[in-house]
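This is entry-v8.cif (mmCIF, C-alpha atoms and all ligand atoms).
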```cif
data_entry
#
loop_
_atom_site.label_atom_id
_atom_site.label_comp_id
_atom_site.auth_asym_id
_atom_site.auth_seq_id
_atom_site.Cartn_x
_atom_site.Cartn_y
_atom_site.Cartn_z
CA MET A 267 -98.21 44.21 -71.64
CA ARG A 268 -96.96 41.01 -70.03
CA VAL A 269 -98.70 37.77 -70.84
CA ARG A 270 -101.20 36.98 -68.08
CA THR A 271 -101.54 33.66 -66.31
CA ASP A 272 -104.05 32.27 -63.86
CA GLU A 273 -103.15 31.10 -60.37
CA THR A 274 -102.00 27.72 -61.72
CA GLY A 275 -99.61 29.38 -64.18
CA HIS A 276 -101.85 28.72 -67.21
CA VAL A 277 -101.06 31.20 -70.00
CA PHE A 278 -104.25 32.55 -71.63
CA ARG A 279 -104.27 31.80 -75.39
CA ALA A 280 -106.42 33.29 -78.10
CA LEU A 281 -106.63 32.31 -81.76
CA THR A 282 -107.65 34.40 -84.76
CA ILE A 283 -108.77 32.78 -88.01
CA ALA A 284 -108.67 35.66 -90.48
CA GLY A 285 -107.04 37.39 -93.42
CA SER A 286 -103.69 39.16 -93.42
CA ASP A 287 -103.69 42.96 -93.90
CA SER A 288 -100.28 43.99 -95.22
CA GLY A 289 -101.07 47.51 -93.97
CA GLY A 290 -101.13 46.23 -90.39
CA GLY A 291 -104.31 48.00 -89.27
CA ALA A 292 -106.95 45.28 -89.71
CA GLY A 293 -107.14 41.49 -90.04
CA ILE A 294 -104.62 39.14 -88.43
CA GLN A 295 -102.22 41.98 -87.66
CA ALA A 296 -104.80 44.03 -85.73
CA ASP A 297 -105.94 40.90 -83.92
CA LEU A 298 -102.47 39.84 -82.76
CA LYS A 299 -101.49 43.36 -81.69
CA THR A 300 -104.73 43.66 -79.70
CA MET A 301 -104.43 40.24 -78.06
CA HIS A 302 -100.86 41.10 -77.07
CA GLN A 303 -102.01 44.39 -75.57
CA PHE A 304 -104.55 42.51 -73.43
CA GLY A 305 -101.83 40.22 -72.10
CA VAL A 306 -103.01 37.16 -74.00
CA TYR A 307 -100.83 34.83 -76.09
CA GLY A 308 -102.08 35.26 -79.67
CA MET A 309 -102.05 32.68 -82.48
CA SER A 310 -103.18 32.97 -86.10
CA VAL A 311 -104.63 30.86 -88.89
CA VAL A 312 -104.34 32.81 -92.14
CA THR A 313 -107.24 32.36 -94.57
CA ALA A 314 -106.09 34.84 -97.20
CA LEU A 315 -103.36 37.32 -97.99
CA THR A 316 -104.41 40.82 -98.95
CA ALA A 317 -102.21 43.40 -100.63
CA GLN A 318 -103.78 46.21 -98.66
CA ASN A 319 -103.03 49.66 -97.34
CA THR A 320 -105.05 52.54 -95.94
CA THR A 321 -106.37 53.42 -99.42
CA GLY A 322 -107.87 49.99 -100.10
CA VAL A 323 -107.41 46.34 -101.02
CA HIS A 324 -105.19 45.98 -104.09
CA GLY A 325 -105.09 42.20 -104.33
CA VAL A 326 -106.32 39.05 -102.57
CA MET A 327 -104.80 35.55 -102.54
CA GLU A 328 -106.96 32.96 -100.80
CA ALA A 329 -105.37 30.03 -98.98
CA PRO A 330 -106.28 26.50 -100.10
CA PRO A 331 -108.90 25.15 -97.61
CA GLU A 332 -106.68 22.15 -96.80
CA PHE A 333 -103.94 24.51 -95.71
CA VAL A 334 -106.35 26.43 -93.48
CA ALA A 335 -107.24 23.07 -91.90
CA ALA A 336 -103.55 22.21 -91.49
CA GLN A 337 -102.85 25.50 -89.67
CA LEU A 338 -105.87 25.04 -87.41
CA GLN A 339 -104.99 21.48 -86.56
CA ALA A 340 -101.36 22.41 -85.83
CA VAL A 341 -102.44 25.07 -83.32
CA ILE A 342 -105.16 23.00 -81.66
CA ASP A 343 -103.09 19.81 -81.35
CA ASP A 344 -100.12 21.47 -79.71
CA LEU A 345 -100.69 24.90 -78.17
CA GLY A 346 -104.36 24.80 -77.20
CA VAL A 347 -106.94 27.59 -77.40
CA ASP A 348 -108.91 29.36 -74.64
CA ALA A 349 -110.99 31.53 -77.00
CA MET A 350 -111.03 32.17 -80.74
CA LYS A 351 -112.40 34.52 -83.36
CA THR A 352 -112.99 34.50 -87.07
CA GLY A 353 -112.56 37.50 -89.36
CA MET A 354 -112.20 37.44 -93.17
CA LEU A 355 -113.07 33.88 -94.25
CA ALA A 356 -112.99 34.59 -98.00
CA ASN A 357 -115.10 31.76 -99.43
CA GLU A 358 -117.51 28.92 -98.80
CA ALA A 359 -114.89 26.14 -98.86
CA ILE A 360 -112.81 27.85 -96.16
CA ILE A 361 -115.91 28.40 -93.98
CA ALA A 362 -116.96 24.75 -94.33
CA THR A 363 -113.41 23.61 -93.50
CA VAL A 364 -113.20 25.83 -90.41
CA ALA A 365 -116.61 24.55 -89.26
CA ASP A 366 -115.55 20.92 -89.85
CA VAL A 367 -112.35 21.25 -87.84
CA LEU A 368 -113.84 23.32 -85.00
CA SER A 369 -116.82 21.00 -84.55
CA THR A 370 -114.64 17.95 -84.03
CA ALA A 371 -111.67 19.42 -82.16
CA ALA A 372 -111.16 19.91 -78.43
CA THR A 373 -111.84 23.63 -79.02
CA VAL A 374 -115.53 22.91 -79.47
CA SER A 375 -116.28 24.04 -75.93
CA ARG A 376 -114.16 27.22 -76.19
CA PRO A 377 -115.86 30.56 -76.81
CA LEU A 378 -115.97 31.44 -80.51
CA VAL A 379 -116.48 35.06 -81.64
CA ILE A 380 -117.57 35.49 -85.25
CA ASP A 381 -116.82 38.84 -86.85
CA PRO A 382 -118.62 38.31 -90.17
CA VAL A 383 -116.24 40.47 -92.23
CA MET A 384 -117.76 41.17 -95.66
CA VAL A 385 -116.49 44.44 -97.14
CA ALA A 386 -113.30 46.45 -96.50
CA LYS A 387 -113.73 50.19 -95.79
CA GLY A 388 -112.70 50.97 -99.38
CA GLY A 389 -115.53 48.78 -100.75
CA THR A 390 -113.68 45.58 -101.76
CA LYS A 391 -115.60 42.39 -101.00
CA LEU A 392 -113.71 40.09 -98.61
CA ILE A 393 -116.15 37.16 -98.87
CA ASP A 394 -118.07 35.57 -101.77
CA ASP A 395 -121.81 36.27 -101.71
CA SER A 396 -122.43 32.54 -102.03
CA ALA A 397 -120.59 31.94 -98.75
CA ILE A 398 -122.98 33.94 -96.54
CA ALA A 399 -125.51 31.11 -96.17
CA THR A 400 -122.76 28.67 -95.14
CA LEU A 401 -121.46 31.12 -92.56
CA ARG A 402 -124.98 31.45 -91.14
CA GLU A 403 -125.75 27.75 -91.16
CA ARG A 404 -122.40 26.23 -90.15
CA LEU A 405 -120.66 28.83 -87.97
CA LEU A 406 -123.35 30.86 -86.18
CA PRO A 407 -124.68 27.82 -84.28
CA MET A 408 -121.21 27.40 -82.71
CA ALA A 409 -120.77 31.05 -81.71
CA ALA A 410 -120.68 32.58 -78.25
CA LEU A 411 -120.98 35.96 -79.97
CA VAL A 412 -121.42 37.35 -83.48
CA THR A 413 -120.31 40.95 -84.08
CA PRO A 414 -121.70 42.32 -87.39
CA ASN A 415 -121.70 45.99 -88.29
CA ALA A 416 -125.00 47.41 -89.55
CA PRO A 417 -124.56 46.54 -93.27
CA GLU A 418 -123.34 43.01 -92.39
CA THR A 419 -126.34 42.55 -90.11
CA GLY A 420 -128.57 43.52 -93.03
CA VAL A 421 -126.95 40.98 -95.35
CA LEU A 422 -127.16 38.20 -92.75
CA VAL A 423 -130.87 38.70 -92.08
CA GLY A 424 -131.84 39.86 -95.59
CA ALA A 425 -133.33 43.21 -94.56
CA SER A 426 -131.98 46.73 -94.32
CA VAL A 427 -130.76 47.86 -90.90
CA ASP A 428 -131.28 51.60 -90.69
CA SER A 429 -133.69 52.25 -87.81
CA TRP A 430 -133.94 51.23 -84.14
CA ASP A 431 -136.78 48.83 -84.94
CA SER A 432 -134.73 47.19 -87.67
CA VAL A 433 -131.67 46.88 -85.38
CA HIS A 434 -133.79 45.13 -82.73
CA LEU A 435 -135.58 42.85 -85.18
CA ALA A 436 -132.35 41.88 -86.95
CA ALA A 437 -130.55 41.11 -83.66
CA GLU A 438 -133.41 38.84 -82.59
CA ARG A 439 -133.42 37.10 -85.97
CA LEU A 440 -129.65 36.62 -85.91
CA ALA A 441 -129.83 35.03 -82.46
CA GLN A 442 -132.23 32.46 -83.89
CA TRP A 443 -129.34 31.08 -85.98
CA GLY A 444 -127.79 29.86 -82.75
CA SER A 445 -125.24 32.41 -81.52
CA ASP A 446 -125.49 32.83 -77.73
CA ALA A 447 -125.21 36.60 -78.07
CA VAL A 448 -125.30 39.19 -80.87
CA VAL A 449 -123.78 42.67 -80.99
CA VAL A 450 -124.88 44.96 -83.79
CA LYS A 451 -122.03 47.50 -83.97
CA GLY A 452 -122.95 51.11 -84.43
CA GLY A 453 -119.99 52.53 -86.36
CA HIS A 454 -122.08 52.80 -89.54
CA LEU A 455 -125.35 53.69 -87.84
CA ASP A 456 -126.40 57.31 -87.69
CA LEU A 457 -129.62 57.02 -85.72
CA ASP A 458 -131.38 59.58 -83.58
CA VAL A 459 -130.35 58.75 -80.05
CA ALA A 460 -131.68 61.90 -78.45
CA HIS A 461 -134.82 60.19 -77.24
CA ALA A 462 -134.13 56.55 -78.02
CA GLU A 463 -134.53 54.28 -75.01
CA GLY A 464 -134.92 57.41 -72.84
CA TRP A 465 -131.16 57.77 -72.40
CA ARG A 466 -129.85 60.56 -70.18
CA LEU A 467 -126.75 61.50 -72.16
CA PRO A 468 -124.22 64.06 -70.88
CA ALA A 469 -124.86 67.44 -72.49
CA ALA A 470 -121.28 67.51 -73.79
CA SER A 471 -121.89 64.43 -75.93
CA ASN A 472 -123.96 66.60 -78.29
CA GLN A 473 -125.91 63.39 -78.99
CA MET A 474 -123.21 62.26 -81.46
CA VAL A 475 -122.72 58.76 -80.14
CA ALA A 476 -121.70 55.35 -81.47
CA VAL A 477 -124.08 52.77 -79.99
CA ASP A 478 -123.40 49.02 -79.93
CA THR A 479 -126.58 47.02 -79.33
CA VAL A 480 -126.19 43.65 -77.62
CA TYR A 481 -128.90 41.01 -77.65
CA ALA A 482 -128.49 38.03 -75.32
CA GLN A 483 -130.99 35.78 -73.59
CA GLY A 484 -133.93 37.84 -74.75
CA THR A 485 -132.57 41.16 -73.42
CA PHE A 486 -131.05 44.23 -75.09
CA THR A 487 -128.06 45.92 -73.47
CA TYR A 488 -126.50 49.06 -74.97
CA PHE A 489 -122.94 50.40 -74.91
CA LEU A 490 -122.43 54.02 -75.98
CA THR A 491 -119.41 56.25 -76.51
CA PRO A 492 -119.07 59.66 -78.14
CA ARG A 493 -118.73 59.37 -81.94
CA VAL A 494 -115.19 60.38 -82.93
CA ASN A 495 -114.89 62.46 -86.08
CA SER A 496 -111.90 60.68 -87.62
CA ALA A 497 -110.86 59.17 -90.94
CA ASN A 498 -108.65 56.69 -89.07
CA THR A 499 -111.12 53.88 -88.52
CA HIS A 500 -109.44 51.10 -90.53
CA GLY A 501 -109.66 47.86 -88.57
CA THR A 502 -112.04 49.07 -85.84
CA GLY A 503 -114.22 45.97 -86.15
CA CYS A 504 -111.24 43.56 -86.10
CA THR A 505 -109.72 45.32 -83.10
CA PHE A 506 -113.03 45.31 -81.20
CA SER A 507 -113.68 41.57 -81.75
CA ALA A 508 -110.04 40.67 -80.98
CA ALA A 509 -110.29 42.56 -77.67
CA ILE A 510 -113.49 40.67 -76.80
CA THR A 511 -111.80 37.36 -77.69
CA ALA A 512 -108.76 38.16 -75.55
CA LEU A 513 -111.02 38.97 -72.59
CA LEU A 514 -113.06 35.79 -73.07
CA ALA A 515 -109.79 33.81 -73.15
CA GLY A 516 -109.10 35.21 -69.67
CA GLY A 517 -112.54 34.07 -68.49
CA ALA A 518 -114.51 37.35 -68.58
CA PRO A 519 -118.32 37.14 -68.89
CA VAL A 520 -119.44 38.16 -72.38
CA LEU A 521 -121.18 41.46 -71.47
CA ASP A 522 -118.19 42.59 -69.37
CA ALA A 523 -115.87 41.70 -72.28
CA ILE A 524 -117.97 43.68 -74.78
CA ALA A 525 -117.99 46.72 -72.47
CA GLN A 526 -114.23 46.74 -71.98
CA ALA A 527 -113.58 46.13 -75.70
CA LYS A 528 -115.93 49.01 -76.59
CA ALA A 529 -114.00 51.34 -74.26
CA PHE A 530 -110.71 50.10 -75.76
CA ILE A 531 -111.73 50.73 -79.38
CA TYR A 532 -113.06 54.18 -78.44
CA ASP A 533 -109.77 55.11 -76.75
CA ALA A 534 -107.81 53.59 -79.69
CA ILE A 535 -109.75 55.70 -82.22
CA VAL A 536 -109.28 58.86 -80.12
CA ARG A 537 -105.52 58.29 -79.73
CA ALA A 538 -105.01 57.77 -83.49
CA LYS A 539 -107.36 60.56 -84.60
CA ASP A 540 -104.54 62.84 -85.77
CA TRP A 541 -102.15 60.12 -87.00
CA ASP A 542 -100.77 60.54 -90.52
CA VAL A 543 -100.25 56.84 -91.24
CA GLY A 544 -101.08 56.31 -94.93
CA HIS A 545 -103.16 58.42 -97.29
CA GLY A 546 -106.58 56.87 -96.74
CA HIS A 547 -108.41 55.43 -93.74
CA GLY A 548 -105.58 55.09 -91.25
CA PRO A 549 -105.41 52.54 -88.43
CA THR A 550 -106.25 52.91 -84.75
CA ASP A 551 -103.75 52.82 -81.89
CA HIS A 552 -103.36 49.20 -80.76
CA SER A 553 -100.93 50.29 -78.03
CA THR A 554 -103.80 51.97 -76.15
CA PRO A 555 -103.74 51.14 -72.41
CA ILE A 556 -106.45 48.71 -71.38
CA PRO A 557 -109.37 50.72 -69.98
CA VAL A 558 -110.81 49.92 -66.56
CA ALA A 559 -113.05 46.88 -66.51
CA MET A 560 -116.71 47.39 -65.71
CA SER A 561 -117.52 44.16 -63.98
CA GLY A 562 -121.03 42.87 -63.47
CA VAL A 563 -122.76 44.66 -66.33
CA THR A 564 -126.52 44.24 -65.74
CA PRO A 565 -128.33 42.80 -68.77
CA GLY A 566 -130.90 45.33 -69.97
CA GLY A 567 -128.85 48.37 -68.89
CA SER A 568 -127.50 51.18 -71.09
CA TYR A 569 -123.96 52.35 -70.41
CA TYR A 570 -121.99 55.39 -71.61
CA TYR A 571 -118.18 55.57 -71.64
CA ASP A 572 -116.63 59.03 -71.94
CA GLY A 573 -112.96 58.04 -72.19
CA ARG A 574 -112.55 57.79 -68.42
CA ASN A 575 -115.58 56.28 -66.74
CA TRP A 576 -118.69 54.29 -67.47
CA THR A 577 -122.04 55.79 -66.43
CA ARG A 578 -125.39 54.07 -66.49
CA VAL A 579 -127.68 56.25 -68.64
CA ASP A 580 -131.00 54.36 -68.75
N1 LIG B 601 -116.31 57.15 -85.40
C1 LIG B 601 -116.42 56.33 -84.36
N2 LIG B 601 -116.44 56.80 -83.10
C2 LIG B 601 -116.56 55.99 -82.04
N3 LIG B 601 -116.67 54.65 -82.14
C3 LIG B 601 -116.66 54.10 -83.36
C4 LIG B 601 -116.54 54.90 -84.54
N4 LIG B 601 -116.53 54.06 -85.63
C5 LIG B 601 -116.66 52.82 -85.15
N5 LIG B 601 -116.74 52.82 -83.79
C6 LIG B 601 -116.85 51.66 -82.91
O1 LIG B 601 -115.87 50.72 -83.37
C7 LIG B 601 -116.37 49.38 -83.32
C8 LIG B 601 -116.40 48.81 -84.73
O2 LIG B 601 -117.54 49.32 -85.35
P1 LIG B 601 -117.87 49.38 -86.90
O3 LIG B 601 -117.09 50.49 -87.53
O4 LIG B 601 -119.37 49.46 -86.99
O5 LIG B 601 -117.36 47.97 -87.41
P2 LIG B 601 -116.59 47.53 -88.73
O6 LIG B 601 -115.18 48.02 -88.60
O7 LIG B 601 -116.72 46.05 -88.70
O8 LIG B 601 -117.32 48.17 -89.87
C9 LIG B 601 -117.75 49.50 -82.66
O9 LIG B 601 -117.61 49.36 -81.27
C10 LIG B 601 -118.18 50.92 -83.02
O10 LIG B 601 -119.16 51.44 -82.15
C1 LIG B 602 -107.73 41.19 -93.98
C2 LIG B 602 -108.83 42.10 -93.56
N1 LIG B 602 -109.73 41.67 -92.65
C3 LIG B 602 -110.74 42.50 -92.26
C4 LIG B 602 -110.86 43.78 -92.77
C5 LIG B 602 -112.01 44.65 -92.35
O1 LIG B 602 -111.59 45.68 -91.53
P1 LIG B 602 -112.57 46.45 -90.53
O2 LIG B 602 -112.23 45.99 -89.13
O3 LIG B 602 -112.26 47.90 -90.70
O4 LIG B 602 -114.00 46.12 -90.88
C6 LIG B 602 -109.90 44.20 -93.70
N2 LIG B 602 -109.95 45.43 -94.23
N3 LIG B 602 -108.88 43.33 -94.08
#
```
Could you take the file, read its structure, and then write that structure out as structure tokens?
Ligand SMILES: Nc1ncnc2c1ncn2[C@@H]1O[C@H](COP(=O)(O)OP(=O)(O)O)[C@@H](O)[C@H]1O
Ligand SMILES: Cc1ncc(COP(=O)(O)O)c(N)n1
Amino acid sequence: MRVRTDETGHVFRALTIAGSDSGGGAGIQADLKTMHQFGVYGMSVVTALTAQNTTGVHGVMEAPPEFVAAQLQAVIDDLGVDAMKTGMLANEAIIATVADVLSTAATVSRPLVIDPVMVAKGGTKLIDDSAIATLRERLLPMAALVTPNAPETGVLVGASVDSWDSVHLAAERLAQWGSDAVVVKGGHLDLDVAHAEGWRLPAASNQMVAVDTVYAQGTFTYFLTPRVNSANTHGTGCTFSAAITALLAGGAPVLDAIAQAKAFIYDAIVRAKDWDVGHGHGPTDHSTPIPVAMSGVTPGGSYYYDGRNWTRVD
């Protein structure tokens, strides 16, 4: 994909502040590949190195907080940022440093997406427990969007997230920390959707769907796709939040960006379903063509993407 510009020739730029995944499926590598695919110029601030592959995380080396600050400052002072995301932030000192720099820099008005990465698919912790409160108190108030999966949502609000009521309650509570919008991702949620919200799902979906629940300005909006039966889901969360960030960098409204990113990650999982890359949880296909945009998503609606089209199902 060619880098996109606006009518004045401005090149859209997106920044990821995250950990490196040597396996190339998650972290900085997933983010840059995804931003590139969306035609956005991608930049990276590396918070930690991981010796990682599809079977798990075999080692972590955290960057000194001062060096995270130096990378951030270098990017902000020279290249400029239209939208940014955080992924693996590793520890409290790095989170506090990122918050310090972002709250004083010119980027303060740029959309910030926080993907509160906590645990890799293999179970390795990617952030200290003691850092969660700092993430909540320092970073969430600056966020345009926070994108936790179900277990991360539970840790952030201090309650288990395993029912529709708990998803709704947790999203509302998370928004109170100051993020403009919240999306509770449904990759880990196996809830009964047959009758939830009165959705009219296509018969072929067999009710096996992955539902992402968005809470913004007091309203819930839902994005659904079929649930893909695949072991290759390494980096799905990173890829999803990087796609949203790339779209925000190009000026998309947040609900439209979430919808298009959700379609992209679904297509990327489908395309990599039968890949034999690695011996564990393989990556998704970051070279997936960008799905059609669904512009003007109505807050409060429920939308189903089948790999081709979006249908309103509420
Ligand atoms: N098996 C699957 N089929 C379809 N979509 C999925 C599947 N697993 C995850 N997703 C989607 O991928 C994105 C990342 O979700 P999730 O796996 O919950 O995040 P994380 O990678 O942070 O744990 C979400 O949009 C989610 O709905
Ligand atoms: C460096 C790094 N960052 C993030 C993840 C989480 O990956 P996922 O997107 O599957 O939750 C990871 N495994 N490694």
Please check which residues have atoms at most 10 Å from (-106.3, 33.6, -69.4) in the file's coordinates, counting all atoms listed in the file, and write them as a PyMOL selection string. chain A and resi 269-273+275-280+304-307+348-349+512-518
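Atom pair CA of Leu315 (chain A) / atom C10 of ligand LIG 601 (chain B) has a distance of 25.1 Å (rounded to one decimal).
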When the cut-off is 9 Å and you count only C-alpha atoms and all ligand atoms, which residues lie near ligand LIG 601 (chain B), shown as number ranges by chain? A: 292, 381-387, 413-418, 450-455, 474-478, 489-507, 524, 527-533, 535-536
Provide an axis-aligned box for all listed atoms of ligand LIG 602 (chain B), padding each side by 8 Å; report its centre and its edge lengths in Å to one decimal, as AutoDock Vina command-line options.
```
--center_x -110.9 --center_y 44.5 --center_z -91.7 --size_x 22.3 --size_y 22.7 --size_z 21.1
```
Gap from CA of Lys351 (chain A) to CA of Ala482 (chain A) - Å, one decimal: 18.3 Å
Kindly indicate which residue among A:Thr511, A:Gln337, A:Leu298, A:Leu392 lies nearest to ligand LIG 602 (chain B), using all atoms listed in the file for the distances.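 Distance minimum relative to ligand LIG 602 (chain B) lands on A:Leu392.
If you measure from each of A:Ile342, A:Ala356, A:Val449, A:Ile398 to ligand LIG 602 (chain B) using only C-alpha atoms and all ligand atoms, the closest one turns out to be A:Ala356.
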Please determine, counting all atoms listed in the file, which residue among A:Ser445, A:Ser429, A:Thr321, A:Thr282 has the shortest atom-to-atom distance to Gly353 (chain A).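 Selected residue with least distance to Gly353 (chain A): A:Thr282.
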Mind pulling up the distance from CA of His324 (chain A) to CA of Ile283 (chain A)? 21.1 Å
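Considering only C-alpha atoms, the residue among A:Val480, A:Ala359, A:Leu338, A:Ala508 positioned nearest to Gly308 (chain A) is A:Ala508.
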Residues near region 551-565 of chain A, anyone? I mean within 6 Å using only C-alpha atoms, not counting same-chain ones fewer than 5 positions away, as a list in words. Thr300, Thr487, Asp522, Gln526, Phe530, Ala534 and Ala538 of chain A
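Of the residues listed (A:Gly464, A:Gly289, A:Gly424, A:Pro519), A:Gly289 shows the shortest atom-to-atom separation from ligand LIG 602 (chain B); distances use all atoms listed in the file.
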